[in-house]
Each structure stands twice: as structure tokens, then as C-alpha cells.
>>> print(open('input06.txt').read())   # compact mmCIF, C-alpha atoms
# COMPACT_ATOMS: atom_id res chain seq x y z
CA MET S 12 -18.80 -69.45 8.85
CA GLY S 13 -16.34 -71.99 7.49
CA ARG S 14 -16.62 -75.27 5.62
CA HIS S 15 -17.25 -77.28 8.80
CA ASP S 16 -20.27 -75.13 9.65
CA ASP S 17 -21.54 -75.17 6.08
CA LEU S 18 -21.29 -78.97 5.99
CA ASP S 19 -23.25 -79.17 9.23
CA ARG S 20 -25.97 -76.97 7.73
CA PHE S 21 -25.98 -79.00 4.50
CA TYR S 22 -26.53 -82.26 6.36
CA ALA S 23 -29.11 -80.69 8.67
CA LEU S 24 -31.05 -79.73 5.54
CA LEU S 25 -30.77 -83.32 4.29
CA ASP S 26 -32.23 -84.50 7.60
CA GLU S 27 -35.16 -82.14 7.04
CA LEU S 28 -35.53 -83.45 3.51
CA ALA S 29 -35.55 -87.05 4.72
CA ASP S 30 -38.29 -86.19 7.23
CA ARG S 31 -40.35 -84.49 4.51
CA VAL S 32 -40.24 -87.38 2.04
CA GLY S 33 -40.48 -90.24 4.52
CA GLY S 34 -36.82 -91.24 4.40
CA PRO S 35 -34.43 -92.19 1.60
CA ARG S 36 -35.45 -94.65 -1.12
CA LYS S 37 -33.47 -97.37 -2.87
CA LEU S 38 -33.62 -97.82 -6.63
CA LYS S 39 -34.34 -101.51 -6.23
CA ARG S 40 -37.72 -100.50 -4.78
CA CYS S 41 -38.50 -97.66 -7.20
CA THR S 42 -40.41 -97.49 -10.48
CA GLY S 43 -41.29 -94.87 -13.04
CA TYR S 44 -44.91 -95.07 -11.89
CA MET S 45 -44.03 -93.21 -8.71
CA ASP S 46 -44.80 -89.49 -8.63
CA TRP S 47 -41.28 -88.22 -9.27
CA PRO S 48 -40.81 -84.50 -9.93
CA ASP S 49 -40.14 -83.75 -13.59
CA ARG S 50 -36.85 -82.04 -12.79
CA GLY S 51 -34.63 -82.34 -9.78
CA ILE S 52 -31.40 -83.41 -8.09
CA TYR S 53 -30.54 -86.77 -6.56
CA LEU S 54 -28.14 -87.49 -3.69
CA PHE S 55 -26.91 -91.03 -2.97
CA LEU S 56 -26.02 -92.02 0.60
CA GLU S 57 -23.78 -95.05 0.65
CA PRO S 58 -24.37 -97.71 3.36
CA GLY S 59 -21.50 -97.84 5.82
CA GLU S 60 -20.31 -94.33 4.93
CA THR S 61 -21.10 -91.91 7.75
CA ARG S 62 -20.03 -88.51 8.97
CA THR S 63 -17.49 -88.22 11.74
CA PRO S 64 -18.17 -88.77 14.60
CA SER S 65 -21.90 -89.40 14.06
CA ASP S 66 -23.78 -92.17 12.30
CA GLN S 67 -25.39 -89.74 9.84
CA PRO S 68 -25.16 -91.17 6.29
CA ARG S 69 -22.63 -89.42 4.06
CA VAL S 70 -23.38 -88.31 0.50
CA THR S 71 -21.23 -90.12 -2.08
CA ARG S 72 -22.86 -89.12 -5.37
CA ILE S 73 -24.81 -86.07 -6.55
CA GLY S 74 -26.36 -85.61 -9.94
CA THR S 75 -28.96 -83.78 -11.97
CA HIS S 76 -30.18 -83.74 -15.57
CA ALA S 77 -31.48 -81.49 -18.34
CA ILE S 78 -29.15 -78.55 -17.82
CA SER S 79 -28.66 -77.95 -21.54
CA ALA S 80 -31.21 -75.75 -23.26
CA GLY S 81 -33.85 -77.86 -24.95
CA SER S 82 -33.12 -81.04 -22.99
CA LYS S 83 -36.24 -83.02 -22.07
CA THR S 84 -34.66 -85.65 -19.79
CA SER S 85 -36.66 -86.15 -16.59
CA LEU S 86 -35.38 -86.96 -13.12
CA TRP S 87 -36.65 -90.54 -13.42
CA ASP S 88 -35.03 -90.88 -16.86
CA ARG S 89 -31.66 -90.21 -15.24
CA LEU S 90 -32.29 -92.47 -12.26
CA LYS S 91 -33.38 -95.24 -14.64
CA GLN S 92 -30.05 -95.00 -16.48
CA HIS S 93 -28.29 -95.71 -13.19
CA TYR S 94 -30.79 -98.46 -12.32
CA GLY S 95 -30.10 -100.40 -15.51
CA THR S 96 -32.36 -103.04 -17.02
CA GLY S 97 -35.27 -104.73 -15.30
CA SER S 98 -36.18 -108.37 -14.76
CA ALA S 99 -38.24 -108.41 -17.96
CA SER S 100 -35.22 -107.70 -20.16
CA SER S 101 -35.05 -110.70 -22.48
CA ASN S 102 -31.30 -110.72 -23.06
CA HIS S 103 -29.67 -109.07 -20.06
CA PRO S 104 -32.03 -108.87 -17.06
CA HIS S 105 -30.76 -106.76 -14.15
CA GLY S 106 -27.84 -105.59 -16.25
CA GLY S 107 -27.43 -102.13 -17.69
CA ASN S 108 -25.49 -99.85 -19.99
CA HIS S 109 -22.55 -98.18 -18.29
CA ARG S 110 -21.90 -96.21 -21.48
CA GLY S 111 -25.13 -94.35 -20.75
CA SER S 112 -24.40 -93.72 -17.07
CA VAL S 113 -21.14 -92.27 -15.78
CA TYR S 114 -22.07 -93.46 -12.29
CA ARG S 115 -22.32 -97.07 -13.52
CA LYS S 116 -19.06 -96.70 -15.45
CA ARG S 117 -17.14 -95.44 -12.41
CA VAL S 118 -18.52 -98.12 -10.07
CA GLY S 119 -17.63 -100.81 -12.63
CA GLU S 120 -14.10 -99.42 -12.99
CA ALA S 121 -13.59 -99.59 -9.24
CA LEU S 122 -14.88 -103.18 -9.07
CA ILE S 123 -12.56 -104.17 -11.91
CA GLU S 124 -9.60 -102.55 -10.15
CA LYS S 125 -10.45 -103.99 -6.75
CA HIS S 126 -10.74 -107.55 -8.02
CA ALA S 127 -8.06 -107.33 -10.76
CA LEU S 128 -10.52 -108.20 -13.54
CA HIS S 129 -8.88 -106.20 -16.33
CA ASP S 130 -8.51 -109.20 -18.63
CA ASP S 131 -12.19 -110.07 -18.21
CA TYR S 132 -13.42 -106.60 -19.19
CA PRO S 133 -10.93 -105.15 -21.70
CA SER S 134 -13.50 -102.86 -23.34
CA TRP S 135 -15.12 -101.33 -20.25
CA ASP S 136 -13.66 -97.87 -20.91
CA ASP S 137 -14.26 -97.91 -24.67
CA ARG S 138 -17.06 -95.99 -26.34
CA TRP S 139 -19.35 -97.82 -28.73
CA SER S 140 -17.96 -95.78 -31.61
CA SER S 141 -14.41 -97.00 -30.95
CA LEU S 142 -15.24 -100.71 -30.80
CA SER S 143 -14.56 -102.91 -33.81
CA ARG S 144 -16.44 -105.91 -32.37
CA GLU S 145 -20.18 -106.48 -32.50
CA ARG S 146 -22.07 -104.72 -29.74
CA ASP S 147 -23.95 -107.87 -28.79
CA ASP S 148 -20.64 -109.65 -28.21
CA VAL S 149 -19.41 -106.85 -25.97
CA ARG S 150 -22.71 -106.72 -24.07
CA GLY S 151 -22.50 -110.45 -23.43
CA GLU S 152 -18.91 -110.15 -22.26
CA GLU S 153 -19.74 -107.32 -19.87
CA TYR S 154 -23.06 -108.64 -18.62
CA ILE S 155 -21.81 -110.11 -15.32
CA MET S 156 -20.13 -106.83 -14.38
CA GLU S 157 -23.21 -104.86 -15.37
CA ARG S 158 -25.23 -107.05 -12.99
CA ARG S 159 -22.74 -106.40 -10.19
CA VAL S 160 -22.94 -102.67 -10.82
CA SER S 161 -26.75 -102.81 -10.80
CA ALA S 162 -26.76 -104.67 -7.50
CA TYR S 163 -24.41 -102.13 -5.97
CA ILE S 164 -26.20 -98.98 -7.13
CA ARG S 165 -29.72 -100.26 -6.51
CA ASP S 166 -28.84 -100.81 -2.85
CA GLN S 167 -27.69 -97.21 -2.30
CA PRO S 168 -30.21 -95.10 -0.35
CA PHE S 169 -30.89 -91.78 -2.02
CA LEU S 170 -32.79 -88.55 -1.53
CA TRP S 171 -34.10 -86.19 -4.19
CA LEU S 172 -34.93 -82.52 -4.52
CA ASP S 173 -37.72 -81.03 -6.60
CA VAL S 174 -36.11 -78.13 -8.51
CA ASP S 175 -38.37 -77.53 -11.46
CA ASP S 176 -36.69 -74.81 -13.50
CA GLN S 177 -36.03 -74.65 -17.21
CA PRO S 178 -32.99 -76.45 -18.64
CA SER S 179 -30.09 -74.00 -18.96
CA LYS S 180 -26.53 -73.47 -17.81
CA GLU S 181 -27.89 -70.98 -15.26
CA SER S 182 -30.46 -73.36 -13.78
CA ASP S 183 -30.84 -73.66 -10.03
CA ARG S 184 -30.32 -77.39 -10.39
CA ARG S 185 -26.88 -76.83 -11.83
CA TYR S 186 -26.09 -74.17 -9.21
CA ILE S 187 -27.03 -76.45 -6.30
CA GLU S 188 -25.30 -79.52 -7.75
CA GLU S 189 -22.00 -77.79 -8.53
CA ASN S 190 -21.74 -76.03 -5.18
CA ALA S 191 -22.78 -79.08 -3.18
CA LEU S 192 -20.04 -81.10 -4.86
CA ALA S 193 -17.48 -78.39 -4.17
CA LEU S 194 -18.54 -78.22 -0.52
CA LEU S 195 -18.51 -81.99 0.07
CA SER S 196 -15.30 -82.75 -1.81
CA ASN S 197 -12.06 -83.42 0.07
CA PHE S 198 -9.99 -83.22 -3.13
CA GLU S 199 -6.86 -81.18 -2.34
CA LYS S 200 -8.61 -79.84 0.78
CA GLU S 201 -8.78 -80.55 4.46
CA SER S 202 -10.30 -84.01 4.87
CA ILE S 203 -13.65 -83.65 6.62
CA ASP S 204 -15.86 -86.71 7.23
CA PRO S 205 -13.05 -89.07 6.09
CA ARG S 206 -14.00 -92.04 3.97
CA THR S 207 -13.82 -95.56 5.37
CA THR S 208 -10.87 -97.68 4.30
CA ASP S 209 -13.15 -100.16 2.53
CA TRP S 210 -15.15 -97.60 0.54
CA LEU S 211 -15.23 -98.95 -3.02
CA GLY S 212 -14.33 -95.55 -4.44
CA ARG S 213 -10.84 -95.91 -3.00
CA HIS S 214 -10.19 -98.39 -5.83
CA SER S 215 -11.22 -95.90 -8.51
CA ARG S 216 -8.80 -95.12 -11.33
CA SER S 217 -9.67 -91.45 -10.83
CA GLU S 218 -7.62 -89.58 -8.26
CA ARG S 219 -10.48 -87.12 -7.96
CA ILE S 220 -12.86 -89.85 -6.84
CA ARG S 221 -10.32 -91.39 -4.46
CA GLN S 222 -9.51 -88.06 -2.82
CA SER S 223 -12.88 -86.31 -2.98
CA GLY S 224 -14.82 -89.21 -1.50
CA LEU S 225 -17.48 -88.78 -4.17
CA TRP S 226 -18.40 -90.75 -7.30
CA ASN S 227 -18.05 -87.44 -9.14
CA VAL S 228 -15.09 -85.88 -10.94
CA ASN S 229 -16.51 -82.52 -12.00
CA HIS S 230 -16.48 -79.52 -9.64
CA VAL S 231 -14.67 -81.40 -6.85
CA ASP S 232 -11.67 -79.07 -7.21
CA GLU S 233 -13.68 -75.84 -7.11
CA ALA S 234 -14.58 -73.32 -4.43
CA TYR S 235 -18.23 -73.16 -3.37
CA ASP S 236 -20.63 -70.28 -2.86
CA PRO S 237 -22.09 -70.56 0.68
CA ASP S 238 -25.25 -68.80 -0.52
CA PHE S 239 -26.26 -71.96 -2.38
CA LEU S 240 -27.38 -73.36 0.97
CA ASP S 241 -30.23 -70.83 1.02
CA ARG S 242 -31.43 -72.08 -2.37
CA LEU S 243 -31.02 -75.65 -1.14
CA ALA S 244 -33.20 -74.85 1.87
CA ARG S 245 -35.96 -73.56 -0.44
CA ALA S 246 -35.71 -76.72 -2.54
CA VAL S 247 -36.14 -78.84 0.59
CA ASP S 248 -39.31 -76.93 1.45
CA GLU S 249 -40.64 -77.48 -2.09
CA THR S 250 -40.03 -81.25 -2.22
CA GLU S 251 -42.83 -83.71 -1.55
CA PRO S 252 -42.93 -87.51 -1.07
CA VAL S 253 -43.31 -89.68 -4.18
>>> encode(input="input06.txt", output="C-alpha cells")
Amino acid sequence: MGRHDDLDRFYALLDELADRVGGPRKLKRCTGYMDWPDRGIYLFLEPGETRTPSDQPRVTRIGTHAISAGSKTSLWDRLKQHYGTGSASSNHPHGGNHRGSVYRKRVGEALIEKHALHDDYPSWDDRWSSLSRERDDVRGEEYIMERRVSAYIRDQPFLWLDVDDQPSKESDRRYIEENALALLSNFEKESIDPRTTDWLGRHSRSERIRQSGLWNVNHVDEAYDPDFLDRLARAVDETEPV
């Protein structure tokens, strides 16, 4: 079997997963009170991005958490970082912290590039430790963009997998994530399921994002192990609705 067949199997498994959990969710309708698995993998499906020639939603971001020994981050902890701040935030409601979420950072970069807003957000790529200005000043300056990023990400449908193994570099979560990214990526490979011309990621500063069609930069240039699909199938069978 080749990559085309493996992609078909991957997306068939996602269809099974969607049936099991009652369809994808959107972060704008999710809370930490829902019965999320402690550990897992998330897969974002961007509106308007579909496989060719079907209307099946295409994955544009995959992530996991707690793959370092001793890490206690939960699946919802990671999703909440992408979600940003809630309506009850006194200073910056519906904003967020892109320095705590690479997904938010990359989406913001692409929005800045697309709309030529470099002068409005000169510190977007800077770490807190490198900034000489007060953090509150920077947060205020970046607040509008953080809101735009929140609106964008919260409207992305996503699925999740319950993979409850111990944090380690050999975890099944890491194995599935890395190989799924390598399978889906078009970076320096034959372009399968080409991205639409108006996909926001085409404005990314990262060539890996622009070419891969994913909001990921790690593992997009690697070969994949087809056997990961068997482990993915088991994870689908083990995942329940929240």
C-alpha cells in the first residue's frame, strides 16, 4: 500500500471516530467541565478545507501533550491554551497568550502577514524574556490580534483520541502524532489533497506550514511508519463521547 491508500485509511478511521463521539466539536462550545480524557491527541479540521475530490474535512493541525516524563498537562489543559481567555477575563476577554500556544502564534503570524500588520505587532515573535517593555503594555498592544486568533481557532471543528499512556518519549500519543503528521504532510512530497488558495496557512512565514498544509512544523519532513494506523484504529475504538 502507498501513501494514497494510507491516507484513505486514516480518514476512514476519522469518520469512525466522528461517529463514535457524535461528530467534531468546536472550542467555542467546549468547557473544562466536559468529560475529556486525561491524555490524548487532538485533530483540527478547518472549515472550507476538504479532501480531493470529496467534501470530507481535511486535518490542518495535530497535537498532543505530556510526552516528557513527569509532565502532568492534561488534554483539556492543552486545548485551553489554544482557546485563550474567557469572557470573564477582566483585562483581556476572549484574548489569549500566543507565547503559551504555538498554534496561536502561527495563526497570528499568518494573519499579520496576510494583512500587512507588521508595524502594529512588532513584538509578536518575541519571547517574554527578550522584551524590555512592560508585559502589560505588550499584552494591550497585542490584544486585538489575540482576539482575532481566538475567533479563528475557536471556530475550527476538532476531533480527539483517548490515548491514556504515561508521559514519555516512547508514548503511543507521540508515536501516533508524529506519524500522522508525516503521512498528512505535503512538504517536499507529492501534493495529495491540495490546499485551497485562500487557506490562511499559505500566508505563514514558515515554508513548512505553507508546503505541508498543516499548522505544524515538526515531523512534516519525515517518513511515516504505516503500522501506526493499527494503533490509531485501537485508539478510535477506545475513545468515548465527552
>>> atom_distance(input="input06.txt", atom1="atom CA of S:Glu188", atom2="atom CA of S:Arg242")
11.0 Å
>>> atom_distance(input="input06.txt", atom1="atom CA of S:Asn102", atom2="atom CA of S:Leu86")
26.1 Å
>>> closest_residue(input="input06.txt", among="S:Pro237, S:Pro178, S:Pro168, S:Pro205", to="S:Arg72", atoms="all atoms listed in the file")
S:Pro168
>>> closest_residue(input="input06.txt", among="S:Trp135, S:Cys41, S:Lys125, S:Tyr114", to="S:Asp209", atoms="all atoms listed in the file")
S:Lys125
>>> residues_around(input="input06.txt", residues="stretch 92-97 of chain S", least_positions_apart="2", cutoff="10 Å", atoms="all atoms listed in the file", output="CSV table (one decimal) with C-alpha atoms, in the frame of the given file")
chain,number,residue,atom,x,y,z
S,37,LYS,CA,-33.5,-97.4,-2.9
S,38,LEU,CA,-33.6,-97.8,-6.6
S,39,LYS,CA,-34.3,-101.5,-6.2
S,41,CYS,CA,-38.5,-97.7,-7.2
S,42,THR,CA,-40.4,-97.5,-10.5
S,87,TRP,CA,-36.6,-90.5,-13.4
S,88,ASP,CA,-35.0,-90.9,-16.9
S,89,ARG,CA,-31.7,-90.2,-15.2
S,90,LEU,CA,-32.3,-92.5,-12.3
S,99,ALA,CA,-38.2,-108.4,-18.0
S,100,SER,CA,-35.2,-107.7,-20.2
S,101,SER,CA,-35.0,-110.7,-22.5
S,102,ASN,CA,-31.3,-110.7,-23.1
S,103,HIS,CA,-29.7,-109.1,-20.1
S,104,PRO,CA,-32.0,-108.9,-17.1
S,105,HIS,CA,-30.8,-106.8,-14.2
S,106,GLY,CA,-27.8,-105.6,-16.2
S,107,GLY,CA,-27.4,-102.1,-17.7
S,108,ASN,CA,-25.5,-99.8,-20.0
S,109,HIS,CA,-22.6,-98.2,-18.3
S,110,ARG,CA,-21.9,-96.2,-21.5
S,111,GLY,CA,-25.1,-94.4,-20.8
S,112,SER,CA,-24.4,-93.7,-17.1
S,113,VAL,CA,-21.1,-92.3,-15.8
S,114,TYR,CA,-22.1,-93.5,-12.3
S,115,ARG,CA,-22.3,-97.1,-13.5
S,116,LYS,CA,-19.1,-96.7,-15.4
S,157,GLU,CA,-23.2,-104.9,-15.4
S,158,ARG,CA,-25.2,-107.0,-13.0
S,160,VAL,CA,-22.9,-102.7,-10.8
S,161,SER,CA,-26.8,-102.8,-10.8
S,162,ALA,CA,-26.8,-104.7,-7.5
S,163,TYR,CA,-24.4,-102.1,-6.0
S,164,ILE,CA,-26.2,-99.0,-7.1
S,165,ARG,CA,-29.7,-100.3,-6.5
S,166,ASP,CA,-28.8,-100.8,-2.8
>>> atom_distance(input="input06.txt", atom1="atom CA of S:Arg216", atom2="atom CA of S:Ile123")
9.8 Å
>>> residues_near_point(input="input06.txt", point="(-26.7, -89.1, -4.0)", cutoff="10 Å", atoms="all atoms listed in the file", output="PyMOL selection string")
chain S and resi 52-57+69-75+167-171+225-226
>>> write_last_selection(input="input06.txt", atoms="C-alpha atoms", output="mmCIF file, in the frame of the given file")
data_model
loop_
_atom_site.group_PDB
_atom_site.id
_atom_site.type_symbol
_atom_site.label_atom_id
_atom_site.label_comp_id
_atom_site.auth_asym_id
_atom_site.auth_seq_id
_atom_site.Cartn_x
_atom_site.Cartn_y
_atom_site.Cartn_z
ATOM 1 C CA ILE S 52 -31.400 -83.410 -8.090
ATOM 2 C CA TYR S 53 -30.540 -86.770 -6.560
ATOM 3 C CA LEU S 54 -28.140 -87.490 -3.690
ATOM 4 C CA PHE S 55 -26.910 -91.030 -2.970
ATOM 5 C CA LEU S 56 -26.020 -92.020 0.600
ATOM 6 C CA GLU S 57 -23.780 -95.050 0.650
ATOM 7 C CA ARG S 69 -22.630 -89.420 4.060
ATOM 8 C CA VAL S 70 -23.380 -88.310 0.500
ATOM 9 C CA THR S 71 -21.230 -90.120 -2.080
ATOM 10 C CA ARG S 72 -22.860 -89.120 -5.370
ATOM 11 C CA ILE S 73 -24.810 -86.070 -6.550
ATOM 12 C CA GLY S 74 -26.360 -85.610 -9.940
ATOM 13 C CA THR S 75 -28.960 -83.780 -11.970
ATOM 14 C CA GLN S 167 -27.690 -97.210 -2.300
ATOM 15 C CA PRO S 168 -30.210 -95.100 -0.350
ATOM 16 C CA PHE S 169 -30.890 -91.780 -2.020
ATOM 17 C CA LEU S 170 -32.790 -88.550 -1.530
ATOM 18 C CA TRP S 171 -34.100 -86.190 -4.190
ATOM 19 C CA LEU S 225 -17.480 -88.780 -4.170
ATOM 20 C CA TRP S 226 -18.400 -90.750 -7.300
#
>>> closest_residue(input="input06.txt", among="S:Tyr22, S:Phe239, S:Trp210, S:Tyr154", to="S:Glu189", atoms="only C-alpha atoms")
S:Phe239
>>> closest_residue(input="input06.txt", among="S:Thr63, S:Leu243, S:Tyr44, S:Tyr186", to="S:Lys91", atoms="all atoms listed in the file")
S:Tyr44
>>> decode(input="input06.txt", residues="stretch 114-149 of chain S", atoms="N, CA and C atoms", output="mmCIF file, in the first residue's frame")
data_model
loop_
_atom_site.group_PDB
_atom_site.id
_atom_site.type_symbol
_atom_site.label_atom_id
_atom_site.label_comp_id
_atom_site.auth_asym_id
_atom_site.auth_seq_id
_atom_site.Cartn_x
_atom_site.Cartn_y
_atom_site.Cartn_z
ATOM 1 N N TYR S 114 0.266 27.002 18.256
ATOM 2 C CA TYR S 114 -0.836 27.104 17.291
ATOM 3 C C TYR S 114 -1.315 28.555 17.191
ATOM 4 N N ARG S 115 -1.548 29.197 18.323
ATOM 5 C CA ARG S 115 -1.977 30.596 18.314
ATOM 6 C C ARG S 115 -0.902 31.476 17.666
ATOM 7 N N LYS S 116 0.345 31.235 17.999
ATOM 8 C CA LYS S 116 1.440 32.035 17.452
ATOM 9 C C LYS S 116 1.467 31.951 15.929
ATOM 10 N N ARG S 117 1.337 30.741 15.391
ATOM 11 C CA ARG S 117 1.424 30.558 13.943
ATOM 12 C C ARG S 117 0.221 31.171 13.218
ATOM 13 N N VAL S 118 -0.960 31.026 13.798
ATOM 14 C CA VAL S 118 -2.148 31.653 13.185
ATOM 15 C C VAL S 118 -1.998 33.169 13.189
ATOM 16 N N GLY S 119 -1.542 33.731 14.315
ATOM 17 C CA GLY S 119 -1.332 35.174 14.389
ATOM 18 C C GLY S 119 -0.310 35.654 13.371
ATOM 19 N N GLU S 120 0.786 34.926 13.224
ATOM 20 C CA GLU S 120 1.798 35.284 12.224
ATOM 21 C C GLU S 120 1.188 35.369 10.834
ATOM 22 N N ALA S 121 0.377 34.369 10.490
ATOM 23 C CA ALA S 121 -0.222 34.341 9.161
ATOM 24 C C ALA S 121 -1.195 35.504 8.966
ATOM 25 N N LEU S 122 -1.961 35.833 9.993
ATOM 26 C CA LEU S 122 -2.869 36.985 9.893
ATOM 27 C C LEU S 122 -2.087 38.287 9.719
ATOM 28 N N ILE S 123 -0.985 38.406 10.442
ATOM 29 C CA ILE S 123 -0.151 39.604 10.332
ATOM 30 C C ILE S 123 0.423 39.710 8.929
ATOM 31 N N GLU S 124 0.894 38.596 8.375
ATOM 32 C CA GLU S 124 1.446 38.605 7.025
ATOM 33 C C GLU S 124 0.360 38.902 5.987
ATOM 34 N N LYS S 125 -0.767 38.268 6.129
ATOM 35 C CA LYS S 125 -1.840 38.428 5.147
ATOM 36 C C LYS S 125 -2.318 39.868 5.056
ATOM 37 N N HIS S 126 -2.413 40.527 6.199
ATOM 38 C CA HIS S 126 -2.973 41.880 6.230
ATOM 39 C C HIS S 126 -1.904 42.964 6.410
ATOM 40 N N ALA S 127 -0.621 42.570 6.277
ATOM 41 C CA ALA S 127 0.498 43.528 6.358
ATOM 42 C C ALA S 127 0.417 44.374 7.629
ATOM 43 N N LEU S 128 0.351 43.711 8.774
ATOM 44 C CA LEU S 128 0.194 44.391 10.054
ATOM 45 C C LEU S 128 1.480 44.362 10.887
ATOM 46 N N HIS S 129 2.618 44.273 10.239
ATOM 47 C CA HIS S 129 3.881 44.134 10.953
ATOM 48 C C HIS S 129 4.136 45.306 11.906
ATOM 49 N N ASP S 130 3.814 46.503 11.477
ATOM 50 C CA ASP S 130 4.066 47.673 12.325
ATOM 51 C C ASP S 130 3.152 47.700 13.548
ATOM 52 N N ASP S 131 1.989 47.064 13.436
ATOM 53 C CA ASP S 131 1.053 47.044 14.563
ATOM 54 C C ASP S 131 1.445 46.028 15.628
ATOM 55 N N TYR S 132 2.191 44.986 15.220
ATOM 56 C CA TYR S 132 2.532 43.910 16.156
ATOM 57 C C TYR S 132 4.021 43.582 16.065
ATOM 58 N N PRO S 133 4.871 44.532 16.432
ATOM 59 C CA PRO S 133 6.321 44.335 16.254
ATOM 60 C C PRO S 133 6.919 43.282 17.178
ATOM 61 N N SER S 134 6.212 42.920 18.251
ATOM 62 C CA SER S 134 6.783 42.003 19.238
ATOM 63 C C SER S 134 6.175 40.609 19.185
ATOM 64 N N TRP S 135 5.363 40.324 18.179
ATOM 65 C CA TRP S 135 4.623 39.064 18.147
ATOM 66 C C TRP S 135 5.548 37.847 18.251
ATOM 67 N N ASP S 136 6.706 37.901 17.642
ATOM 68 C CA ASP S 136 7.615 36.752 17.642
ATOM 69 C C ASP S 136 8.565 36.734 18.837
ATOM 70 N N ASP S 137 8.522 37.763 19.666
ATOM 71 C CA ASP S 137 9.476 37.857 20.772
ATOM 72 C C ASP S 137 8.992 37.082 21.993
ATOM 73 N N ARG S 138 9.944 36.437 22.667
ATOM 74 C CA ARG S 138 9.632 35.784 23.930
ATOM 75 C C ARG S 138 9.554 36.837 25.029
ATOM 76 N N TRP S 139 8.833 36.483 26.107
ATOM 77 C CA TRP S 139 8.739 37.421 27.227
ATOM 78 C C TRP S 139 10.125 37.801 27.737
ATOM 79 N N SER S 140 11.018 36.819 27.782
ATOM 80 C CA SER S 140 12.341 37.070 28.355
ATOM 81 C C SER S 140 13.171 38.045 27.539
ATOM 82 N N SER S 141 12.829 38.241 26.263
ATOM 83 C CA SER S 141 13.615 39.131 25.416
ATOM 84 C C SER S 141 13.040 40.541 25.332
ATOM 85 N N LEU S 142 11.871 40.755 25.940
ATOM 86 C CA LEU S 142 11.219 42.050 25.845
ATOM 87 C C LEU S 142 11.708 42.999 26.934
ATOM 88 N N SER S 143 11.990 44.229 26.547
ATOM 89 C CA SER S 143 12.414 45.236 27.523
ATOM 90 C C SER S 143 11.227 46.049 28.032
ATOM 91 N N ARG S 144 10.093 45.964 27.336
ATOM 92 C CA ARG S 144 8.908 46.731 27.754
ATOM 93 C C ARG S 144 8.102 45.952 28.784
ATOM 94 N N GLU S 145 7.201 46.644 29.462
ATOM 95 C CA GLU S 145 6.333 46.006 30.441
ATOM 96 C C GLU S 145 5.384 45.021 29.738
ATOM 97 N N ARG S 146 5.174 43.895 30.376
ATOM 98 C CA ARG S 146 4.311 42.883 29.768
ATOM 99 C C ARG S 146 2.892 43.397 29.562
ATOM 100 N N ASP S 147 2.387 44.170 30.502
ATOM 101 C CA ASP S 147 1.027 44.685 30.359
ATOM 102 C C ASP S 147 0.902 45.572 29.124
ATOM 103 N N ASP S 148 1.954 46.333 28.824
ATOM 104 C CA ASP S 148 1.923 47.181 27.627
ATOM 105 C C ASP S 148 1.872 46.327 26.364
ATOM 106 N N VAL S 149 2.664 45.261 26.359
ATOM 107 C CA VAL S 149 2.692 44.383 25.192
ATOM 108 C C VAL S 149 1.357 43.658 25.045
#
